[in-house]
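Data file: input_27.pdb. Format and content: PDB, C-alpha atoms.
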```pdb
ATOM      1  CA  MET A   1      -1.072  -4.301   2.541  1.00  0.00           C
ATOM      2  CA  GLU A   2      -3.161  -5.387  -0.395  1.00  0.00           C
ATOM      3  CA  LEU A   3      -6.042  -6.342   1.925  1.00  0.00           C
ATOM      4  CA  ILE A   4      -5.974  -2.897   3.517  1.00  0.00           C
ATOM      5  CA  TYR A   5      -5.921  -1.165   0.138  1.00  0.00           C
ATOM      6  CA  ASN A   6      -8.792  -3.288  -1.209  1.00  0.00           C
ATOM      7  CA  PHE A   7     -10.809  -2.660   1.958  1.00  0.00           C
ATOM      8  CA  ILE A   8     -10.334   1.109   1.631  1.00  0.00           C
ATOM      9  CA  CYS A   9     -11.326   0.961  -2.054  1.00  0.00           C
ATOM     10  CA  GLN A  10     -14.518  -0.916  -1.139  1.00  0.00           C
ATOM     11  CA  ILE A  11     -15.452   1.708   1.443  1.00  0.00           C
ATOM     12  CA  GLU A  12     -14.779   4.488  -1.050  1.00  0.00           C
ATOM     13  CA  GLY A  13     -16.768   2.728  -3.779  1.00  0.00           C
ATOM     14  CA  ASN A  14     -19.732   1.809  -1.594  1.00  0.00           C
ATOM     15  CA  PHE A  15     -20.042   5.106   0.253  1.00  0.00           C
ATOM     16  CA  LYS A  16     -18.596   7.520  -2.349  1.00  0.00           C
ATOM     17  CA  ALA A  17     -16.185   8.893   0.264  1.00  0.00           C
ATOM     18  CA  LYS A  18     -12.480   9.555  -0.201  1.00  0.00           C
ATOM     19  CA  CYS A  19     -10.750   7.789   2.682  1.00  0.00           C
ATOM     20  CA  ILE A  20      -7.082   8.308   1.899  1.00  0.00           C
ATOM     21  CA  HIS A  21      -5.068  11.135   0.401  1.00  0.00           C
ATOM     22  CA  ASN A  22      -3.797  10.643  -3.148  1.00  0.00           C
ATOM     23  CA  GLU A  23      -0.162  10.729  -1.992  1.00  0.00           C
ATOM     24  CA  PHE A  24      -0.810   7.714   0.218  1.00  0.00           C
ATOM     25  CA  ARG A  25      -2.772   6.051  -2.583  1.00  0.00           C
ATOM     26  CA  ILE A  26       0.257   6.482  -4.878  1.00  0.00           C
ATOM     27  CA  ILE A  27       2.485   4.839  -2.261  1.00  0.00           C
ATOM     28  CA  PHE A  28       0.048   1.906  -1.925  1.00  0.00           C
ATOM     29  CA  LEU A  29      -0.203   1.435  -5.690  1.00  0.00           C
ATOM     30  CA  LEU A  30       3.543   1.552  -6.273  1.00  0.00           C
ATOM     31  CA  TYR A  31       4.073  -0.939  -3.462  1.00  0.00           C
ATOM     32  CA  LEU A  32       1.438  -3.326  -4.788  1.00  0.00           C
ATOM     33  CA  LYS A  33       2.137  -3.011  -8.519  1.00  0.00           C
ATOM     34  CA  GLY A  34       5.798  -1.980  -8.711  1.00  0.00           C
ATOM     35  CA  GLU A  35       6.908   0.754 -11.084  1.00  0.00           C
ATOM     36  CA  LEU A  36       4.164   2.506 -13.026  1.00  0.00           C
ATOM     37  CA  PRO A  37       3.911   5.204 -15.698  1.00  0.00           C
ATOM     38  CA  SER A  38       2.677   8.589 -14.522  1.00  0.00           C
ATOM     39  CA  LEU A  39      -0.486   8.378 -16.643  1.00  0.00           C
ATOM     40  CA  THR A  40      -1.410   4.973 -15.210  1.00  0.00           C
ATOM     41  CA  LEU A  41      -0.955   6.303 -11.672  1.00  0.00           C
ATOM     42  CA  MET A  42      -3.092   9.320 -12.465  1.00  0.00           C
ATOM     43  CA  ASN A  43      -5.887   7.128 -13.801  1.00  0.00           C
ATOM     44  CA  LEU A  44      -5.732   4.767 -10.815  1.00  0.00           C
ATOM     45  CA  THR A  45      -5.861   7.627  -8.316  1.00  0.00           C
ATOM     46  CA  GLN A  46      -8.542   9.453 -10.305  1.00  0.00           C
ATOM     47  CA  SER A  47      -6.877  12.787  -9.678  1.00  0.00           C
ATOM     48  CA  SER A  48      -6.541  15.859 -11.856  1.00  0.00           C
ATOM     49  CA  ILE A  49      -3.386  16.395 -13.899  1.00  0.00           C
ATOM     50  CA  SER A  50      -2.231  19.332 -11.790  1.00  0.00           C
ATOM     51  CA  GLY A  51      -3.017  17.589  -8.505  1.00  0.00           C
ATOM     52  CA  HIS A  52      -1.320  14.412  -9.666  1.00  0.00           C
ATOM     53  CA  ASN A  53       1.820  16.255 -10.775  1.00  0.00           C
ATOM     54  CA  GLN A  54       1.914  18.142  -7.479  1.00  0.00           C
ATOM     55  CA  ASP A  55       1.613  14.881  -5.489  1.00  0.00           C
ATOM     56  CA  LEU A  56       4.393  13.203  -7.493  1.00  0.00           C
ATOM     57  CA  LYS A  57       6.635  16.276  -7.199  1.00  0.00           C
ATOM     58  CA  ARG A  58       6.217  16.309  -3.419  1.00  0.00           C
ATOM     59  CA  LEU A  59       6.758  12.551  -3.026  1.00  0.00           C
ATOM     60  CA  THR A  60       9.865  12.744  -5.214  1.00  0.00           C
ATOM     61  CA  ALA A  61      11.263  15.708  -3.263  1.00  0.00           C
ATOM     62  CA  LEU A  62      10.776  13.790  -0.005  1.00  0.00           C
ATOM     63  CA  GLY A  63      12.658  10.781  -1.387  1.00  0.00           C
ATOM     64  CA  ILE A  64       9.618   8.516  -1.122  1.00  0.00           C
ATOM     65  CA  VAL A  65       9.213   8.028  -4.869  1.00  0.00           C
ATOM     66  CA  GLU A  66      11.824   7.911  -7.619  1.00  0.00           C
ATOM     67  CA  ARG A  67      11.233   9.140 -11.156  1.00  0.00           C
ATOM     68  CA  PHE A  68      12.900   7.679 -14.233  1.00  0.00           C
ATOM     69  CA  GLU A  69      12.395   7.579 -17.980  1.00  0.00           C
ATOM     70  CA  CYS A  70      10.921   4.539 -19.722  1.00  0.00           C
ATOM     71  CA  GLU A  71      13.627   2.593 -21.563  1.00  0.00           C
ATOM     72  CA  ARG A  72      11.456   2.017 -24.653  1.00  0.00           C
ATOM     73  CA  ASP A  73       9.961   5.493 -24.850  1.00  0.00           C
ATOM     74  CA  GLY A  74      11.885   8.379 -23.313  1.00  0.00           C
ATOM     75  CA  ARG A  75       8.766  10.555 -23.290  1.00  0.00           C
ATOM     76  CA  VAL A  76       7.118   8.325 -20.656  1.00  0.00           C
ATOM     77  CA  ARG A  77       7.892   9.127 -17.023  1.00  0.00           C
ATOM     78  CA  LYS A  78       7.727   6.176 -14.674  1.00  0.00           C
ATOM     79  CA  TYR A  79       7.730   6.087 -10.887  1.00  0.00           C
ATOM     80  CA  LYS A  80       8.713   3.565  -8.248  1.00  0.00           C
ATOM     81  CA  LEU A  81       9.074   3.541  -4.487  1.00  0.00           C
ATOM     82  CA  SER A  82      12.468   4.334  -3.079  1.00  0.00           C
ATOM     83  CA  ASP A  83      14.370   1.317  -1.788  1.00  0.00           C
ATOM     84  CA  GLU A  84      14.291   2.795   1.712  1.00  0.00           C
ATOM     85  CA  LEU A  85      10.492   3.019   1.789  1.00  0.00           C
ATOM     86  CA  ARG A  86      10.051  -0.402   0.184  1.00  0.00           C
ATOM     87  CA  MET A  87      12.236  -1.928   2.946  1.00  0.00           C
ATOM     88  CA  LEU A  88      10.287  -0.061   5.625  1.00  0.00           C
ATOM     89  CA  ILE A  89       6.977  -1.408   4.308  1.00  0.00           C
ATOM     90  CA  ALA A  90       8.415  -4.929   3.995  1.00  0.00           C
ATOM     91  CA  ARG A  91       9.554  -4.783   7.634  1.00  0.00           C
ATOM     92  CA  PHE A  92       6.064  -3.655   8.637  1.00  0.00           C
ATOM     93  CA  ASP A  93       4.512  -6.580   6.739  1.00  0.00           C
ATOM     94  CA  ALA A  94       6.941  -9.062   8.323  1.00  0.00           C
ATOM     95  CA  THR A  95       6.327  -7.676  11.818  1.00  0.00           C
ATOM     96  CA  LYS A  96       2.562  -7.763  11.312  1.00  0.00           C
ATOM     97  CA  GLU A  97       2.663 -11.383  10.142  1.00  0.00           C
ATOM     98  CA  ALA A  98       4.955 -12.463  12.992  1.00  0.00           C
ATOM     99  CA  SER A  99       2.835 -10.749  15.628  1.00  0.00           C
ATOM    100  CA  GLY A 100      -0.341 -12.243  14.138  1.00  0.00           C
ATOM    101  CA  ALA A 101       1.170 -15.718  14.269  1.00  0.00           C
ATOM    102  CA  ALA A 102       2.316 -15.152  17.864  1.00  0.00           C
ATOM    103  CA  LEU A 103      -1.168 -14.003  18.866  1.00  0.00           C
ATOM    104  CA  ASP A 104      -2.723 -17.098  17.273  1.00  0.00           C
ATOM    105  CA  ILE A 105      -0.352 -19.365  19.202  1.00  0.00           C
ATOM    106  CA  LYS A 106      -1.004 -17.545  22.486  1.00  0.00           C
ATOM    107  CA  ALA A 107      -4.768 -17.711  21.986  1.00  0.00           C
ATOM    108  CA  GLU A 108      -4.591 -21.484  21.463  1.00  0.00           C
ATOM    109  CA  GLU A 109      -2.347 -21.827  24.511  1.00  0.00           C
ATOM    110  CA  VAL A 110      -4.726 -19.810  26.706  1.00  0.00           C
ATOM    111  CA  VAL A 111      -7.690 -21.891  25.580  1.00  0.00           C
ATOM    112  CA  SER A 112      -5.886 -25.185  26.176  1.00  0.00           C
ATOM    113  CA  ARG A 113      -4.563 -24.155  29.610  1.00  0.00           C
ATOM    114  CA  ALA A 114      -8.046 -23.094  30.656  1.00  0.00           C
ATOM    115  CA  GLY A 115      -9.308 -26.537  29.690  1.00  0.00           C
ATOM    116  CA  PHE A 116     -11.799 -25.331  27.127  1.00  0.00           C
ATOM    117  CA  GLU A 117     -12.689 -27.429  24.126  1.00  0.00           C
ATOM    118  CA  PRO A 118     -11.984 -25.842  20.734  1.00  0.00           C
ATOM    119  CA  ALA A 119     -14.961 -24.083  19.217  1.00  0.00           C
ATOM    120  CA  THR A 120     -16.819 -26.114  16.614  1.00  0.00           C
ATOM    121  CA  TYR A 121     -19.132 -23.432  15.277  1.00  0.00           C
TER     122      TYR A 121
END
```

Represent the structure contained in this file as C-alpha coordinates.
Amino acid sequence: MELIYNFICQIEGNFKAKCIHNEFRIIFLLYLKGELPSLTLMNLTQSSISGHNQDLKRLTALGIVERFECERDGRVRKYKLSDELRMLIARFDATKEASGAALDIKAEEVVSRAGFEPATY
(Lines of atoms letter the chains of each structure in order from A and count residues from 1; the text may use other names and numbers.)
(Lines give C-alpha, C1' and ligand atoms only; values in the text may rest on other atoms or scores of the structure.)
Protein backbone atom coordinates (compact mmCIF):
# COMPACT_ATOMS: atom_id res chain seq x y z
CA MET A 1 0.00 0.00 0.00
CA GLU A 2 2.82 2.36 0.80
CA LEU A 3 4.26 1.94 -2.71
CA ILE A 4 0.91 2.85 -4.25
CA TYR A 5 0.53 5.90 -2.02
CA ASN A 6 4.07 7.11 -2.75
CA PHE A 7 3.53 6.58 -6.48
CA ILE A 8 0.33 8.64 -6.41
CA CYS A 9 2.09 11.40 -4.44
CA GLN A 10 4.87 11.51 -7.04
CA ILE A 11 2.36 11.88 -9.87
CA GLU A 12 0.55 14.63 -7.98
CA GLY A 13 3.81 16.42 -7.17
CA ASN A 14 5.30 16.16 -10.65
CA PHE A 15 2.17 17.03 -12.61
CA LYS A 16 0.32 19.22 -10.07
CA ALA A 17 -2.79 17.05 -10.46
CA LYS A 18 -4.96 15.69 -7.66
CA CYS A 19 -5.26 11.96 -8.31
CA ILE A 20 -7.21 10.75 -5.30
CA HIS A 21 -10.02 12.17 -3.21
CA ASN A 22 -9.11 13.42 0.27
CA GLU A 23 -11.29 10.77 1.93
CA PHE A 24 -9.22 8.05 0.29
CA ARG A 25 -6.03 9.93 1.16
CA ILE A 26 -7.11 9.96 4.83
CA ILE A 27 -7.67 6.19 4.70
CA PHE A 28 -4.20 5.66 3.16
CA LEU A 29 -2.51 7.88 5.74
CA LEU A 30 -4.23 6.27 8.72
CA TYR A 31 -3.33 2.83 7.39
CA LEU A 32 0.31 3.75 6.84
CA LYS A 33 0.89 5.88 9.95
CA GLY A 34 -1.66 4.58 12.47
CA GLU A 35 -3.68 7.00 14.57
CA LEU A 36 -3.18 10.68 13.85
CA PRO A 37 -4.42 14.00 15.24
CA SER A 38 -6.96 15.84 13.12
CA LEU A 39 -4.59 18.76 12.49
CA THR A 40 -1.82 16.46 11.27
CA LEU A 41 -4.24 14.75 8.88
CA MET A 42 -5.43 18.10 7.59
CA ASN A 43 -1.87 19.23 6.90
CA LEU A 44 -0.95 15.96 5.18
CA THR A 45 -4.02 16.07 2.94
CA GLN A 46 -3.59 19.80 2.28
CA SER A 47 -7.32 20.37 2.55
CA SER A 48 -9.30 23.27 3.94
CA ILE A 49 -10.61 23.13 7.50
CA SER A 50 -14.24 22.84 6.41
CA GLY A 51 -13.47 20.24 3.74
CA HIS A 52 -11.33 18.25 6.15
CA ASN A 53 -13.99 18.27 8.86
CA GLN A 54 -16.62 17.23 6.32
CA ASP A 55 -14.44 14.32 5.11
CA LEU A 56 -13.78 13.11 8.67
CA LYS A 57 -17.46 13.44 9.61
CA ARG A 58 -18.48 11.32 6.61
CA LEU A 59 -15.79 8.67 7.19
CA THR A 60 -16.76 8.46 10.86
CA ALA A 61 -20.47 8.14 10.05
CA LEU A 62 -19.69 5.30 7.63
CA GLY A 63 -17.71 3.45 10.30
CA ILE A 64 -14.47 3.67 8.31
CA VAL A 65 -12.70 5.95 10.78
CA GLU A 66 -12.99 6.18 14.55
CA ARG A 67 -12.59 9.40 16.52
CA PHE A 68 -11.23 9.59 20.05
CA GLU A 69 -9.73 12.14 22.40
CA CYS A 70 -5.98 12.33 23.02
CA GLU A 71 -5.11 10.91 26.45
CA ARG A 72 -2.62 13.69 27.24
CA ASP A 73 -4.68 16.58 25.90
CA GLY A 74 -8.45 16.20 25.76
CA ARG A 75 -8.73 19.10 23.32
CA VAL A 76 -6.95 17.10 20.59
CA ARG A 77 -9.12 14.87 18.42
CA LYS A 78 -7.37 11.83 17.00
CA TYR A 79 -8.50 9.42 14.31
CA LYS A 80 -7.74 5.82 13.42
CA LEU A 81 -9.08 3.27 10.99
CA SER A 82 -11.81 0.99 12.21
CA ASP A 83 -10.67 -2.54 12.98
CA GLU A 84 -12.94 -3.85 10.23
CA LEU A 85 -11.32 -1.71 7.54
CA ARG A 86 -7.80 -2.39 8.82
CA MET A 87 -8.48 -6.16 8.55
CA LEU A 88 -9.91 -5.72 5.05
CA ILE A 89 -6.80 -3.86 3.89
CA ALA A 90 -4.52 -6.42 5.56
CA ARG A 91 -6.33 -9.23 3.72
CA PHE A 92 -5.89 -7.32 0.46
CA ASP A 93 -2.15 -6.93 1.13
CA ALA A 94 -1.79 -10.64 1.98
CA THR A 95 -3.74 -11.70 -1.12
CA LYS A 96 -1.69 -9.39 -3.33
CA GLU A 97 1.59 -10.75 -1.96
CA ALA A 98 0.47 -14.38 -2.28
CA SER A 99 -0.74 -13.91 -5.84
CA GLY A 100 2.48 -12.09 -6.77
CA ALA A 101 4.55 -14.94 -5.38
CA ALA A 102 2.40 -17.49 -7.23
CA LEU A 103 2.82 -15.58 -10.49
CA ASP A 104 6.61 -15.47 -10.02
CA ILE A 105 6.71 -19.24 -9.48
CA LYS A 106 4.50 -19.91 -12.51
CA ALA A 107 6.61 -17.65 -14.72
CA GLU A 108 9.77 -19.53 -13.73
CA GLU A 109 8.01 -22.85 -14.33
CA VAL A 110 6.81 -21.79 -17.79
CA VAL A 111 10.30 -20.64 -18.75
CA SER A 112 11.93 -23.85 -17.52
CA ARG A 113 9.37 -26.13 -19.20
CA ALA A 114 9.85 -24.29 -22.47
CA GLY A 115 13.58 -24.94 -22.21
CA PHE A 116 14.60 -21.31 -22.24
CA GLU A 117 17.69 -20.13 -20.44
CA PRO A 118 17.12 -17.51 -17.73
CA ALA A 119 17.60 -13.95 -18.92
CA THR A 120 20.98 -12.46 -18.07
CA TYR A 121 20.32 -8.86 -19.05

Could you tell me which residues the PyMOL selection byres ((chain A and resi 53) around 12) returns for this structure, as a PDB file with C-alpha atoms, keeping the file's coordinate frame?
```
ATOM      1  CA  ASN A  22      -3.797  10.643  -3.148  1.00  0.00           C
ATOM      2  CA  GLU A  23      -0.162  10.729  -1.992  1.00  0.00           C
ATOM      3  CA  ILE A  26       0.257   6.482  -4.878  1.00  0.00           C
ATOM      4  CA  SER A  38       2.677   8.589 -14.522  1.00  0.00           C
ATOM      5  CA  LEU A  39      -0.486   8.378 -16.643  1.00  0.00           C
ATOM      6  CA  LEU A  41      -0.955   6.303 -11.672  1.00  0.00           C
ATOM      7  CA  MET A  42      -3.092   9.320 -12.465  1.00  0.00           C
ATOM      8  CA  THR A  45      -5.861   7.627  -8.316  1.00  0.00           C
ATOM      9  CA  SER A  47      -6.877  12.787  -9.678  1.00  0.00           C
ATOM     10  CA  SER A  48      -6.541  15.859 -11.856  1.00  0.00           C
ATOM     11  CA  ILE A  49      -3.386  16.395 -13.899  1.00  0.00           C
ATOM     12  CA  SER A  50      -2.231  19.332 -11.790  1.00  0.00           C
ATOM     13  CA  GLY A  51      -3.017  17.589  -8.505  1.00  0.00           C
ATOM     14  CA  HIS A  52      -1.320  14.412  -9.666  1.00  0.00           C
ATOM     15  CA  GLN A  54       1.914  18.142  -7.479  1.00  0.00           C
ATOM     16  CA  ASP A  55       1.613  14.881  -5.489  1.00  0.00           C
ATOM     17  CA  LEU A  56       4.393  13.203  -7.493  1.00  0.00           C
ATOM     18  CA  LYS A  57       6.635  16.276  -7.199  1.00  0.00           C
ATOM     19  CA  ARG A  58       6.217  16.309  -3.419  1.00  0.00           C
ATOM     20  CA  LEU A  59       6.758  12.551  -3.026  1.00  0.00           C
ATOM     21  CA  THR A  60       9.865  12.744  -5.214  1.00  0.00           C
ATOM     22  CA  ARG A  67      11.233   9.140 -11.156  1.00  0.00           C
ATOM     23  CA  ARG A  77       7.892   9.127 -17.023  1.00  0.00           C
ATOM     24  CA  TYR A  79       7.730   6.087 -10.887  1.00  0.00           C
TER      25      TYR A  79
END
```

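Between CA of Phe92 in chain A and CA of Met1 in chain A the separation is 9.4 Å.
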
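In this comparison, which uses only C-alpha atoms, the residue of A:Glu69, A:Met87, A:Arg25, A:Ile64 approaching Cys9 in chain A most closely is A:Arg25.
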
Next item on the list: Give as JSON, numbers by chain the residues that the PyMOL selection byres ((chain A and resi 85) around 10) matches when applied to the coordinates above.
Entry: {"A": [27, 31, 63, 64, 65, 81, 82, 83, 84, 86, 87, 88, 89, 90, 91]}

Next item on the list: For the file shown, report as a PyMOL selection string the outcome of the PyMOL selection byres ((chain A and resi 36) around 6) at residue level.
Entry: chain A and resi 35+37+78-79

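Interatomic distance, CA of Leu62 in chain A against CA of Glu2 in chain A: 23.7 Å.
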
Check: Between A:Lys16, A:Leu44, A:Arg72, A:Tyr5, which has the minimum distance to Leu32 in chain A (counting only C-alpha atoms)?
Finding: A:Tyr5

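Atom to atom, CA of Gly13 in chain A and CA of Gln46 in chain A stand 12.5 Å apart.
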